[in-house]
Amino acid sequence: SAVISQKPSRDICQRGTSLTIQCQVDSQVTMMFWYRQQPGQSLTLIATANQGSEATYESGFVIDKFPISRPNLTFSTLTVSNMSPEDSSIYLCSVHDGSSYNSPLHFGNGTRLTVT
Amino acid sequence: AQKVTQAQTEISVVEKEDVTLDCVYETRDTTYYLFWYKQPPSGELVFLIRRNSFDEQNEISGRYSWNFQKSTSSFNFTITASQVVDSAVYFCALSDRGGGSEKLVFGKGMKLTVNP
C-alpha cells in the first residue's frame, strides 16, 4: 500500500495565523483527500484534491479557509487559514490504495493542530 | 444521504473476552462498500477490511471476524480473545459516490479498552 508522509506531525499555533500541512505519497495517485477529525469525533472529509484542477470542497468547507494545492501526482498541501481554537483538530491526508474509488483509503499519520 | 451509526461509544473488557462492535448503515446505493478502520492511541488510522455490497460472506482474519447482513444493514466486527493491543478507537465507514465525490462516510467511532 502507499506510504503517506505528513508534515508537521503536530503544531501549536496562535489564533489568527495560518498553517500549511504537507502530504507526500510514495506513488502517483489521481486523488488525494483531506479529512478533519475534531477532538473525540469522527472523520469528516474537507476536500478532494485532483492534480491540475481546483479542489472539490464538501459542504461546510470553503477554499478561503482551507486552500489546497496539488502541484503534482504525489504531493498536496492543505492550509488552515486565520485559525481559531475551533480549528484544533487532527488533519489527515489520504489516498486510495489502487486506482479504483472503492479500493481502501489509506491515511497518513495526521497533523495534530492546537490553536491557542 | 449516507449514514453510518455506531451505537456503542465506549466498551471496556478484560483480556481474552470476546467483543462485538456494531455498525449499522444507511444508503440508497445498490453498490457500495463498507470498511472498518482502527485508530490506536498513537493516532494513525489502520485499514482493517473492505466488503462490497454483493458479498455477504462472513470473513475471518485471525482473531477478527466480520458479519455483513444486508437484511439488517449491519456490518458488525468481532474480536475474539481480545488483547491489550486491541485497545483503540474503531471506525466503521461507508463509501459514498453521491454528487460525483468519492468519499468515505465514517461512523462516530467506538473506543475499545482491553484491560489486562
# chains A, B, ... in the order shown; residues from 1 in each chain; ligands from 1

$ interface_residues --of "chain B" --to "chain A" --cutoff "10 Å" --atoms "only C-alpha atoms" --output "JSON list (two decimals) with all heavy atoms, in the first residue's frame"
[["chain", "number", "residue", "atom", "x", "y", "z"],
["B", 32, "TYR", "N", -22.18, -0.53, -3.03],
["B", 32, "TYR", "CA", -21.47, 0.28, -2.03],
["B", 32, "TYR", "C", -20.44, -0.60, -1.35],
["B", 32, "TYR", "O", -20.41, -1.82, -1.54],
["B", 32, "TYR", "CB", -22.45, 0.88, -1.00],
["B", 32, "TYR", "CG", -23.36, -0.14, -0.35],
["B", 32, "TYR", "CD1", -22.99, -0.80, 0.82],
["B", 32, "TYR", "CD2", -24.60, -0.44, -0.92],
["B", 32, "TYR", "CE1", -23.82, -1.73, 1.41],
["B", 32, "TYR", "CE2", -25.44, -1.38, -0.33],
["B", 32, "TYR", "CZ", -25.06, -2.01, 0.83],
["B", 32, "TYR", "OH", -25.88, -2.94, 1.40],
["B", 33, "TYR", "N", -19.59, 0.06, -0.60],
["B", 33, "TYR", "CA", -18.52, -0.64, 0.10],
["B", 33, "TYR", "C", -18.50, -0.23, 1.57],
["B", 33, "TYR", "O", -18.75, 0.93, 1.90],
["B", 33, "TYR", "CB", -17.16, -0.33, -0.55],
["B", 33, "TYR", "CG", -17.02, -0.96, -1.91],
["B", 33, "TYR", "CD1", -17.64, -0.41, -3.02],
["B", 33, "TYR", "CD2", -16.29, -2.13, -2.06],
["B", 33, "TYR", "CE1", -17.54, -1.01, -4.26],
["B", 33, "TYR", "CE2", -16.17, -2.73, -3.31],
["B", 33, "TYR", "CZ", -16.80, -2.16, -4.40],
["B", 33, "TYR", "OH", -16.69, -2.77, -5.62],
["B", 34, "LEU", "N", -18.20, -1.18, 2.39],
["B", 34, "LEU", "CA", -18.12, -0.95, 3.83],
["B", 34, "LEU", "C", -16.70, -1.23, 4.30],
["B", 34, "LEU", "O", -16.03, -2.12, 3.78],
["B", 34, "LEU", "CB", -19.10, -1.87, 4.56],
["B", 34, "LEU", "CG", -20.57, -1.56, 4.29],
["B", 34, "LEU", "CD1", -21.42, -2.79, 4.60],
["B", 34, "LEU", "CD2", -21.02, -0.37, 5.11],
["B", 35, "PHE", "N", -16.29, -0.46, 5.28],
["B", 35, "PHE", "CA", -14.92, -0.56, 5.76],
["B", 35, "PHE", "C", -14.90, -0.54, 7.29],
["B", 35, "PHE", "O", -15.79, 0.01, 7.93],
["B", 35, "PHE", "CB", -14.09, 0.64, 5.28],
["B", 35, "PHE", "CG", -14.04, 0.82, 3.78],
["B", 35, "PHE", "CD1", -15.09, 1.41, 3.10],
["B", 35, "PHE", "CD2", -12.94, 0.41, 3.07],
["B", 35, "PHE", "CE1", -15.06, 1.59, 1.72],
["B", 35, "PHE", "CE2", -12.88, 0.59, 1.69],
["B", 35, "PHE", "CZ", -13.94, 1.18, 1.02],
["B", 36, "TRP", "N", -13.85, -1.10, 7.84],
["B", 36, "TRP", "CA", -13.52, -0.90, 9.25],
["B", 36, "TRP", "C", -12.07, -0.41, 9.32],
["B", 36, "TRP", "O", -11.19, -0.92, 8.61],
["B", 36, "TRP", "CB", -13.64, -2.19, 10.05],
["B", 36, "TRP", "CG", -15.03, -2.48, 10.52],
["B", 36, "TRP", "CD1", -15.97, -3.26, 9.92],
["B", 36, "TRP", "CD2", -15.64, -1.98, 11.72],
["B", 36, "TRP", "NE1", -17.11, -3.28, 10.66],
["B", 36, "TRP", "CE2", -16.95, -2.51, 11.77],
["B", 36, "TRP", "CE3", -15.20, -1.15, 12.76],
["B", 36, "TRP", "CZ2", -17.83, -2.23, 12.81],
["B", 36, "TRP", "CZ3", -16.09, -0.88, 13.79],
["B", 36, "TRP", "CH2", -17.38, -1.41, 13.82],
["B", 37, "TYR", "N", -11.90, 0.58, 10.21],
["B", 37, "TYR", "CA", -10.57, 1.12, 10.47],
["B", 37, "TYR", "C", -10.32, 1.10, 11.98],
["B", 37, "TYR", "O", -11.25, 1.23, 12.77],
["B", 37, "TYR", "CB", -10.45, 2.57, 9.99],
["B", 37, "TYR", "CG", -10.32, 2.72, 8.49],
["B", 37, "TYR", "CD1", -11.45, 2.74, 7.68],
["B", 37, "TYR", "CD2", -9.08, 2.84, 7.89],
["B", 37, "TYR", "CE1", -11.35, 2.87, 6.31],
["B", 37, "TYR", "CE2", -8.96, 2.98, 6.51],
["B", 37, "TYR", "CZ", -10.09, 2.99, 5.73],
["B", 37, "TYR", "OH", -9.99, 3.12, 4.37],
["B", 42, "SER", "N", -1.81, 5.99, 19.29],
["B", 42, "SER", "CA", -0.81, 6.76, 18.55],
["B", 42, "SER", "C", -1.44, 7.63, 17.47],
["B", 42, "SER", "O", -0.80, 8.57, 16.98],
["B", 42, "SER", "CB", 0.21, 5.81, 17.93],
["B", 42, "SER", "OG", -0.45, 4.78, 17.21],
["B", 43, "GLY", "N", -2.67, 7.35, 17.09],
["B", 43, "GLY", "CA", -3.40, 8.27, 16.21],
["B", 43, "GLY", "C", -3.53, 7.87, 14.76],
["B", 43, "GLY", "O", -4.40, 8.40, 14.07],
["B", 44, "GLU", "N", -2.68, 6.99, 14.27],
["B", 44, "GLU", "CA", -2.80, 6.67, 12.84],
["B", 44, "GLU", "C", -4.04, 5.82, 12.58],
["B", 44, "GLU", "O", -4.52, 5.12, 13.47],
["B", 44, "GLU", "CB", -1.55, 5.95, 12.33],
["B", 44, "GLU", "CG", -1.42, 4.48, 12.74],
["B", 44, "GLU", "CD", -0.74, 4.31, 14.07],
["B", 44, "GLU", "OE1", -0.74, 5.26, 14.88],
["B", 44, "GLU", "OE2", -0.22, 3.21, 14.31],
["B", 45, "LEU", "N", -4.56, 5.89, 11.40],
["B", 45, "LEU", "CA", -5.73, 5.09, 11.02],
["B", 45, "LEU", "C", -5.25, 3.87, 10.25],
["B", 45, "LEU", "O", -4.57, 4.00, 9.23],
["B", 45, "LEU", "CB", -6.67, 5.89, 10.15],
["B", 45, "LEU", "CG", -7.73, 6.69, 10.89],
["B", 45, "LEU", "CD1", -8.34, 7.70, 9.99],
["B", 45, "LEU", "CD2", -8.81, 5.76, 11.43],
["B", 46, "VAL", "N", -5.66, 2.72, 10.70],
["B", 46, "VAL", "CA", -5.22, 1.47, 10.09],
["B", 46, "VAL", "C", -6.40, 0.80, 9.43],
["B", 46, "VAL", "O", -7.41, 0.52, 10.08],
["B", 46, "VAL", "CB", -4.60, 0.54, 11.15],
["B", 46, "VAL", "CG1", -4.17, -0.78, 10.51],
["B", 46, "VAL", "CG2", -3.44, 1.22, 11.86],
["B", 47, "PHE", "N", -6.28, 0.54, 8.15],
["B", 47, "PHE", "CA", -7.32, -0.16, 7.41],
["B", 47, "PHE", "C", -7.39, -1.61, 7.87],
["B", 47, "PHE", "O", -6.37, -2.29, 7.96],
["B", 47, "PHE", "CB", -7.02, -0.07, 5.92],
["B", 47, "PHE", "CG", -7.78, -1.03, 5.06],
["B", 47, "PHE", "CD1", -9.13, -0.81, 4.79],
["B", 47, "PHE", "CD2", -7.18, -2.15, 4.52],
["B", 47, "PHE", "CE1", -9.84, -1.69, 4.00],
["B", 47, "PHE", "CE2", -7.87, -3.03, 3.73],
["B", 47, "PHE", "CZ", -9.21, -2.81, 3.46],
["B", 48, "LEU", "N", -8.60, -2.10, 8.11],
["B", 48, "LEU", "CA", -8.78, -3.48, 8.54],
["B", 48, "LEU", "C", -9.45, -4.33, 7.47],
["B", 48, "LEU", "O", -8.99, -5.44, 7.17],
["B", 48, "LEU", "CB", -9.62, -3.55, 9.82],
["B", 48, "LEU", "CG", -9.01, -2.92, 11.06],
["B", 48, "LEU", "CD1", -9.99, -3.02, 12.24],
["B", 48, "LEU", "CD2", -7.69, -3.58, 11.42],
["B", 49, "ILE", "N", -10.54, -3.84, 6.91],
["B", 49, "ILE", "CA", -11.27, -4.66, 5.97],
["B", 49, "ILE", "C", -12.16, -3.80, 5.07],
["B", 49, "ILE", "O", -12.59, -2.72, 5.46],
["B", 49, "ILE", "CB", -12.16, -5.71, 6.68],
["B", 49, "ILE", "CG1", -12.71, -6.72, 5.67],
["B", 49, "ILE", "CG2", -13.30, -5.01, 7.45],
["B", 49, "ILE", "CD1", -13.45, -7.88, 6.30],
["B", 50, "ARG", "N", -12.40, -4.29, 3.87],
["B", 50, "ARG", "CA", -13.38, -3.73, 2.97],
["B", 50, "ARG", "C", -14.30, -4.86, 2.51],
["B", 50, "ARG", "O", -13.85, -5.97, 2.24],
["B", 50, "ARG", "CB", -12.70, -3.13, 1.73],
["B", 50, "ARG", "CG", -13.67, -2.60, 0.69],
["B", 50, "ARG", "CD", -12.96, -2.29, -0.59],
["B", 50, "ARG", "NE", -12.44, -3.50, -1.22],
["B", 50, "ARG", "CZ", -11.80, -3.50, -2.38],
["B", 50, "ARG", "NH1", -11.61, -2.38, -3.04],
["B", 50, "ARG", "NH2", -11.34, -4.61, -2.89],
["B", 51, "ARG", "N", -15.58, -4.54, 2.42],
["B", 51, "ARG", "CA", -16.56, -5.51, 1.96],
["B", 51, "ARG", "C", -17.47, -4.82, 0.97],
["B", 51, "ARG", "O", -17.97, -3.75, 1.25],
["B", 51, "ARG", "CB", -17.34, -6.06, 3.15],
["B", 51, "ARG", "CG", -18.50, -6.98, 2.82],
["B", 51, "ARG", "CD", -18.03, -8.24, 2.14],
["B", 51, "ARG", "NE", -17.46, -9.18, 3.09],
["B", 51, "ARG", "CZ", -16.37, -9.86, 2.86],
["B", 51, "ARG", "NH1", -15.69, -9.71, 1.73],
["B", 51, "ARG", "NH2", -15.91, -10.70, 3.75],
["B", 52, "ASN", "N", -17.72, -5.47, -0.20],
["B", 52, "ASN", "CA", -18.66, -4.85, -1.12],
["B", 52, "ASN", "C", -20.06, -5.38, -0.90],
["B", 52, "ASN", "O", -20.26, -6.46, -0.31],
["B", 52, "ASN", "CB", -18.20, -4.99, -2.58],
["B", 52, "ASN", "CG", -18.45, -6.38, -3.14],
["B", 52, "ASN", "OD1", -19.57, -6.89, -3.08],
["B", 52, "ASN", "ND2", -17.42, -6.97, -3.71],
["B", 89, "VAL", "N", -9.68, 3.09, 19.03],
["B", 89, "VAL", "CA", -10.99, 3.52, 18.54],
["B", 89, "VAL", "C", -11.21, 2.86, 17.20],
["B", 89, "VAL", "O", -10.32, 2.87, 16.34],
["B", 89, "VAL", "CB", -11.07, 5.05, 18.40],
["B", 89, "VAL", "CG1", -12.44, 5.47, 17.88],
["B", 89, "VAL", "CG2", -10.80, 5.72, 19.75],
["B", 91, "PHE", "N", -13.53, 2.53, 13.75],
["B", 91, "PHE", "CA", -14.47, 3.25, 12.92],
["B", 91, "PHE", "C", -15.01, 2.34, 11.83],
["B", 91, "PHE", "O", -14.25, 1.65, 11.15],
["B", 91, "PHE", "CB", -13.80, 4.46, 12.24],
["B", 91, "PHE", "CG", -13.40, 5.56, 13.18],
["B", 91, "PHE", "CD1", -12.11, 5.63, 13.68],
["B", 91, "PHE", "CD2", -14.32, 6.52, 13.55],
["B", 91, "PHE", "CE1", -11.73, 6.65, 14.54],
["B", 91, "PHE", "CE2", -13.95, 7.55, 14.42],
["B", 91, "PHE", "CZ", -12.67, 7.61, 14.91],
["B", 92, "CYS", "N", -16.30, 2.40, 11.65],
["B", 92, "CYS", "CA", -16.96, 1.78, 10.52],
["B", 92, "CYS", "C", -17.20, 2.88, 9.49],
["B", 92, "CYS", "O", -17.48, 4.03, 9.85],
["B", 92, "CYS", "CB", -18.29, 1.17, 10.98],
["B", 92, "CYS", "SG", -19.23, 0.32, 9.71],
["B", 93, "ALA", "N", -17.08, 2.56, 8.20],
["B", 93, "ALA", "CA", -17.25, 3.59, 7.17],
["B", 93, "ALA", "C", -17.94, 3.00, 5.95],
["B", 93, "ALA", "O", -17.88, 1.80, 5.69],
["B", 93, "ALA", "CB", -15.88, 4.17, 6.78],
["B", 94, "LEU", "N", -18.58, 3.88, 5.20],
["B", 94, "LEU", "CA", -19.36, 3.52, 4.02],
["B", 94, "LEU", "C", -18.92, 4.40, 2.86],
["B", 94, "LEU", "O", -18.75, 5.61, 3.02],
["B", 94, "LEU", "CB", -20.85, 3.76, 4.33],
["B", 94, "LEU", "CG", -21.87, 3.70, 3.21],
["B", 94, "LEU", "CD1", -22.02, 2.27, 2.71],
["B", 94, "LEU", "CD2", -23.21, 4.23, 3.70],
["B", 95, "SER", "N", -18.74, 3.79, 1.70],
["B", 95, "SER", "CA", -18.36, 4.57, 0.53],
["B", 95, "SER", "C", -19.56, 5.38, 0.06],
["B", 95, "SER", "O", -20.70, 4.94, 0.14],
["B", 95, "SER", "CB", -17.88, 3.68, -0.60],
["B", 95, "SER", "OG", -18.92, 2.79, -1.00],
["B", 96, "ASP", "N", -19.27, 6.57, -0.44],
["B", 96, "ASP", "CA", -20.32, 7.49, -0.87],
["B", 96, "ASP", "C", -19.89, 8.12, -2.18],
["B", 96, "ASP", "O", -18.92, 8.87, -2.19],
["B", 96, "ASP", "CB", -20.55, 8.56, 0.20],
["B", 96, "ASP", "CG", -21.62, 9.58, -0.20],
["B", 96, "ASP", "OD1", -22.21, 9.43, -1.29],
["B", 96, "ASP", "OD2", -21.86, 10.50, 0.59],
["B", 97, "ARG", "N", -20.59, 7.83, -3.24],
["B", 97, "ARG", "CA", -20.24, 8.44, -4.52],
["B", 97, "ARG", "C", -21.24, 9.51, -4.91],
["B", 97, "ARG", "O", -21.27, 9.94, -6.05],
["B", 97, "ARG", "CB", -20.17, 7.38, -5.61],
["B", 97, "ARG", "CG", -19.10, 6.37, -5.41],
["B", 97, "ARG", "CD", -18.69, 5.74, -6.70],
["B", 97, "ARG", "NE", -17.81, 6.61, -7.46],
["B", 97, "ARG", "CZ", -17.55, 6.46, -8.75],
["B", 97, "ARG", "NH1", -18.12, 5.50, -9.42],
["B", 97, "ARG", "NH2", -16.73, 7.27, -9.38],
["B", 100, "GLY", "N", -20.82, 12.90, -7.29],
["B", 100, "GLY", "CA", -19.56, 12.77, -8.01],
["B", 100, "GLY", "C", -18.34, 12.69, -7.14],
["B", 100, "GLY", "O", -17.23, 12.50, -7.61],
["B", 101, "SER", "N", -18.51, 12.86, -5.84],
["B", 101, "SER", "CA", -17.35, 12.73, -4.97],
["B", 101, "SER", "C", -17.13, 11.26, -4.66],
["B", 101, "SER", "O", -17.98, 10.42, -4.93],
["B", 101, "SER", "CB", -17.57, 13.50, -3.67],
["B", 101, "SER", "OG", -18.57, 12.87, -2.88],
["B", 102, "GLU", "N", -16.03, 10.98, -4.12],
["B", 102, "GLU", "CA", -15.69, 9.59, -3.81],
["B", 102, "GLU", "C", -15.14, 9.56, -2.40],
["B", 102, "GLU", "O", -13.95, 9.40, -2.19],
["B", 102, "GLU", "CB", -14.67, 9.06, -4.82],
["B", 102, "GLU", "CG", -15.21, 9.08, -6.24],
["B", 102, "GLU", "CD", -14.23, 8.51, -7.24],
["B", 102, "GLU", "OE1", -13.12, 8.13, -6.84],
["B", 102, "GLU", "OE2", -14.57, 8.47, -8.42],
["B", 103, "LYS", "N", -16.02, 9.73, -1.45],
["B", 103, "LYS", "CA", -15.54, 9.85, -0.09],
["B", 103, "LYS", "C", -16.05, 8.70, 0.75],
["B", 103, "LYS", "O", -16.90, 7.93, 0.34],
["B", 103, "LYS", "CB", -16.03, 11.16, 0.51],
["B", 103, "LYS", "CG", -17.54, 11.23, 0.66],
["B", 103, "LYS", "CD", -17.97, 12.57, 1.22],
["B", 103, "LYS", "CE", -19.46, 12.64, 1.42],
["B", 103, "LYS", "NZ", -19.91, 13.98, 1.88],
["B", 104, "LEU", "N", -15.50, 8.61, 1.93],
["B", 104, "LEU", "CA", -16.00, 7.68, 2.93],
["B", 104, "LEU", "C", -16.77, 8.47, 3.98],
["B", 104, "LEU", "O", -16.34, 9.52, 4.42],
["B", 104, "LEU", "CB", -14.86, 6.93, 3.61],
["B", 104, "LEU", "CG", -14.05, 5.95, 2.76],
["B", 104, "LEU", "CD1", -13.10, 5.15, 3.63],
["B", 104, "LEU", "CD2", -14.95, 5.02, 1.98],
["B", 105, "VAL", "N", -17.90, 7.91, 4.36],
["B", 105, "VAL", "CA", -18.66, 8.45, 5.47],
["B", 105, "VAL", "C", -18.38, 7.57, 6.68],
["B", 105, "VAL", "O", -18.60, 6.36, 6.63],
["B", 105, "VAL", "CB", -20.17, 8.46, 5.15],
["B", 105, "VAL", "CG1", -20.97, 8.89, 6.36],
["B", 105, "VAL", "CG2", -20.44, 9.37, 3.96],
["B", 106, "PHE", "N", -17.90, 8.17, 7.72],
["B", 106, "PHE", "CA", -17.48, 7.43, 8.91],
["B", 106, "PHE", "C", -18.53, 7.48, 9.99],
["B", 106, "PHE", "O", -19.24, 8.49, 10.16],
["B", 106, "PHE", "CB", -16.19, 8.02, 9.47],
["B", 106, "PHE", "CG", -14.97, 7.68, 8.67],
["B", 106, "PHE", "CD1", -14.65, 8.40, 7.53],
["B", 106, "PHE", "CD2", -14.14, 6.64, 9.05],
["B", 106, "PHE", "CE1", -13.52, 8.09, 6.78],
["B", 106, "PHE", "CE2", -13.00, 6.33, 8.32],
["B", 106, "PHE", "CZ", -12.71, 7.05, 7.18],
["B", 107, "GLY", "N", -18.62, 6.40, 10.75],
["B", 107, "GLY", "CA", -19.36, 6.44, 12.00],
["B", 107, "GLY", "C", -18.58, 7.24, 13.03],
["B", 107, "GLY", "O", -17.45, 7.67, 12.79],
["B", 108, "LYS", "N", -19.19, 7.41, 14.20],
["B", 108, "LYS", "CA", -18.56, 8.24, 15.23],
["B", 108, "LYS", "C", -17.43, 7.53, 15.96],
["B", 108, "LYS", "O", -16.71, 8.14, 16.75],
["B", 108, "LYS", "CB", -19.61, 8.72, 16.22],
["B", 108, "LYS", "CG", -20.57, 9.72, 15.59],
["B", 108, "LYS", "CD", -21.46, 10.39, 16.63],
["B", 108, "LYS", "CE", -22.29, 11.47, 15.96],
["B", 108, "LYS", "NZ", -23.16, 12.18, 16.92],
["B", 109, "GLY", "N", -17.30, 6.25, 15.71],
["B", 109, "GLY", "CA", -16.21, 5.51, 16.34],
["B", 109, "GLY", "C", -16.63, 4.90, 17.66],
["B", 109, "GLY", "O", -17.54, 5.38, 18.34],
["B", 110, "MET", "N", -15.95, 3.83, 18.00],
["B", 110, "MET", "CA", -16.21, 3.14, 19.26],
["B", 110, "MET", "C", -14.86, 2.88, 19.93],
["B", 110, "MET", "O", -13.98, 2.25, 19.33],
["B", 110, "MET", "CB", -16.93, 1.81, 19.00],
["B", 110, "MET", "CG", -17.66, 1.24, 20.20],
["B", 110, "MET", "SD", -16.58, 0.55, 21.47],
["B", 110, "MET", "CE", -15.76, -0.75, 20.55],
["B", 111, "LYS", "N", -14.74, 3.39, 21.14],
["B", 111, "LYS", "CA", -13.48, 3.24, 21.87],
["B", 111, "LYS", "C", -13.49, 1.93, 22.63],
["B", 111, "LYS", "O", -14.34, 1.72, 23.51],
["B", 111, "LYS", "CB", -13.27, 4.41, 22.82],
["B", 111, "LYS", "CG", -11.94, 4.32, 23.57],
["B", 111, "LYS", "CD", -11.73, 5.53, 24.46],
["B", 111, "LYS", "CE", -10.40, 5.43, 25.19],
["B", 111, "LYS", "NZ", -10.18, 6.60, 26.09]]

$ select_by_dssp --residues "chain B" --states "helix (DSSP H, G or I)" --output "ChimeraX atom specification"
/B:70-72,84-86,98-100

$ write_last_selection --atoms "all heavy atoms" --output "JSON list (two decimals), in the first residue's frame"
[["chain", "number", "residue", "atom", "x", "y", "z"],
["B", 70, "LYS", "N", -27.07, -7.69, 4.84],
["B", 70, "LYS", "CA", -27.79, -6.64, 4.12],
["B", 70, "LYS", "C", -29.21, -6.50, 4.64],
["B", 70, "LYS", "O", -29.78, -5.41, 4.62],
["B", 70, "LYS", "CB", -27.80, -6.95, 2.62],
["B", 70, "LYS", "CG", -26.48, -6.71, 1.94],
["B", 70, "LYS", "CD", -26.53, -7.03, 0.48],
["B", 70, "LYS", "CE", -27.22, -5.93, -0.31],
["B", 70, "LYS", "NZ", -27.07, -6.14, -1.76],
["B", 71, "SER", "N", -29.80, -7.59, 5.08],
["B", 71, "SER", "CA", -31.20, -7.54, 5.53],
["B", 71, "SER", "C", -31.39, -6.58, 6.70],
["B", 71, "SER", "O", -32.44, -5.98, 6.86],
["B", 71, "SER", "CB", -31.68, -8.93, 5.91],
["B", 71, "SER", "OG", -30.89, -9.45, 6.96],
["B", 72, "THR", "N", -30.36, -6.45, 7.50],
["B", 72, "THR", "CA", -30.43, -5.55, 8.66],
["B", 72, "THR", "C", -29.50, -4.35, 8.50],
["B", 72, "THR", "O", -29.32, -3.58, 9.43],
["B", 72, "THR", "CB", -30.07, -6.30, 9.96],
["B", 72, "THR", "OG1", -28.78, -6.90, 9.80],
["B", 72, "THR", "CG2", -31.11, -7.37, 10.26],
["B", 84, "VAL", "N", -4.68, -6.64, 24.99],
["B", 84, "VAL", "CA", -4.47, -5.24, 25.33],
["B", 84, "VAL", "C", -4.16, -4.40, 24.09],
["B", 84, "VAL", "O", -4.60, -3.26, 23.96],
["B", 84, "VAL", "CB", -3.36, -5.11, 26.39],
["B", 84, "VAL", "CG1", -3.01, -3.64, 26.63],
["B", 84, "VAL", "CG2", -3.79, -5.76, 27.71],
["B", 85, "VAL", "N", -3.44, -5.01, 23.14],
["B", 85, "VAL", "CA", -3.08, -4.27, 21.93],
["B", 85, "VAL", "C", -4.28, -3.95, 21.04],
["B", 85, "VAL", "O", -4.17, -3.17, 20.10],
["B", 85, "VAL", "CB", -2.03, -5.04, 21.09],
["B", 85, "VAL", "CG1", -0.73, -5.12, 21.83],
["B", 85, "VAL", "CG2", -2.55, -6.42, 20.69],
["B", 86, "ASP", "N", -5.42, -4.55, 21.35],
["B", 86, "ASP", "CA", -6.63, -4.24, 20.59],
["B", 86, "ASP", "C", -7.26, -2.92, 21.06],
["B", 86, "ASP", "O", -8.20, -2.43, 20.42],
["B", 86, "ASP", "CB", -7.66, -5.36, 20.74],
["B", 86, "ASP", "CG", -7.20, -6.66, 20.12],
["B", 86, "ASP", "OD1", -6.48, -6.63, 19.11],
["B", 86, "ASP", "OD2", -7.55, -7.73, 20.69],
["B", 98, "GLY", "N", -22.04, 9.94, -3.96],
["B", 98, "GLY", "CA", -23.04, 10.95, -4.28],
["B", 98, "GLY", "C", -22.42, 12.25, -4.74],
["B", 98, "GLY", "O", -21.40, 12.68, -4.23],
["B", 99, "GLY", "N", -23.02, 12.86, -5.71],
["B", 99, "GLY", "CA", -22.55, 14.15, -6.20],
["B", 99, "GLY", "C", -21.22, 14.09, -6.90],
["B", 99, "GLY", "O", -20.54, 15.10, -7.07],
["B", 100, "GLY", "N", -20.82, 12.90, -7.29],
["B", 100, "GLY", "CA", -19.56, 12.77, -8.01],
["B", 100, "GLY", "C", -18.34, 12.69, -7.14],
["B", 100, "GLY", "O", -17.23, 12.50, -7.61]]

$ residues_around --residues "B:Thr5" --least-positions-apart "2" --cutoff "6 Å" --atoms "only C-alpha atoms" --output "list in words"
Ala7, Cys23, Val24 and Gly107 of chain B

$ write_last_selection --atoms "all heavy atoms" --output "compact mmCIF listing (two decimals), in the first residue's frame"
# COMPACT_ATOMS: atom_id res chain seq x y z
N ALA B 7 -23.60 2.61 17.49
CA ALA B 7 -24.37 2.97 18.67
C ALA B 7 -23.53 2.96 19.94
O ALA B 7 -23.74 3.76 20.85
CB ALA B 7 -25.56 2.04 18.83
N CYS B 23 -22.22 -1.97 13.80
CA CYS B 23 -22.23 -0.93 12.77
C CYS B 23 -23.49 -1.11 11.94
O CYS B 23 -23.73 -2.19 11.39
CB CYS B 23 -21.00 -1.02 11.88
SG CYS B 23 -21.01 0.12 10.48
N VAL B 24 -24.28 -0.05 11.86
CA VAL B 24 -25.48 -0.05 11.03
C VAL B 24 -25.35 1.09 10.04
O VAL B 24 -24.92 2.19 10.39
CB VAL B 24 -26.74 0.14 11.90
CG1 VAL B 24 -27.98 0.28 11.03
CG2 VAL B 24 -26.90 -1.04 12.85
N GLY B 107 -18.62 6.40 10.75
CA GLY B 107 -19.36 6.44 12.00
C GLY B 107 -18.58 7.24 13.03
O GLY B 107 -17.45 7.67 12.79

$ residues_around --residues "stretch 9-22 of chain A" --least-positions-apart "5" --cutoff "6 Å" --atoms "only C-alpha atoms" --output "count of residues only"
14

$ closest_residue --among "A:Ser59, A:Gln51, A:Ser88, A:Gln28" --to "A:Ser1" --atoms "only C-alpha atoms"
A:Gln28

$ select_by_dssp --residues "stretch 38-96 of chain A" --states "strand (DSSP E or B)" --output "list in words"
Leu43, Thr44, Leu45, Ile46, Ala47, Thr48, Ala49, Asn50, Thr56, Tyr57, Ile68, Ser69, Arg70, Pro71, Asn72, Phe75, Ser76, Thr77, Leu78, Thr79, Val80, Ser89, Ile90, Tyr91, Leu92, Cys93, Ser94, Val95 and His96 of chain A

$ atom_distance --atom1 "atom CA of B:Ser12" --atom2 "atom CA of B:Phe77"
15.5 Å

$ closest_residue --among "A:Ala2, A:Ile68, A:Ala55, A:Val95" --to "A:Met32" --atoms "only C-alpha atoms"
A:Val95

$ closest_residue --among "A:Pro85, A:Ser76, A:Trp34, A:Ile4" --to "A:Phe61" --atoms "only C-alpha atoms"
A:Trp34

$ atom_distance --atom1 "atom CA of B:Asp18" --atom2 "atom CA of B:Ser65"
10.9 Å

$ atom_distance --atom1 "atom CA of B:Ala81" --atom2 "atom CA of B:Gln69"
23.2 Å
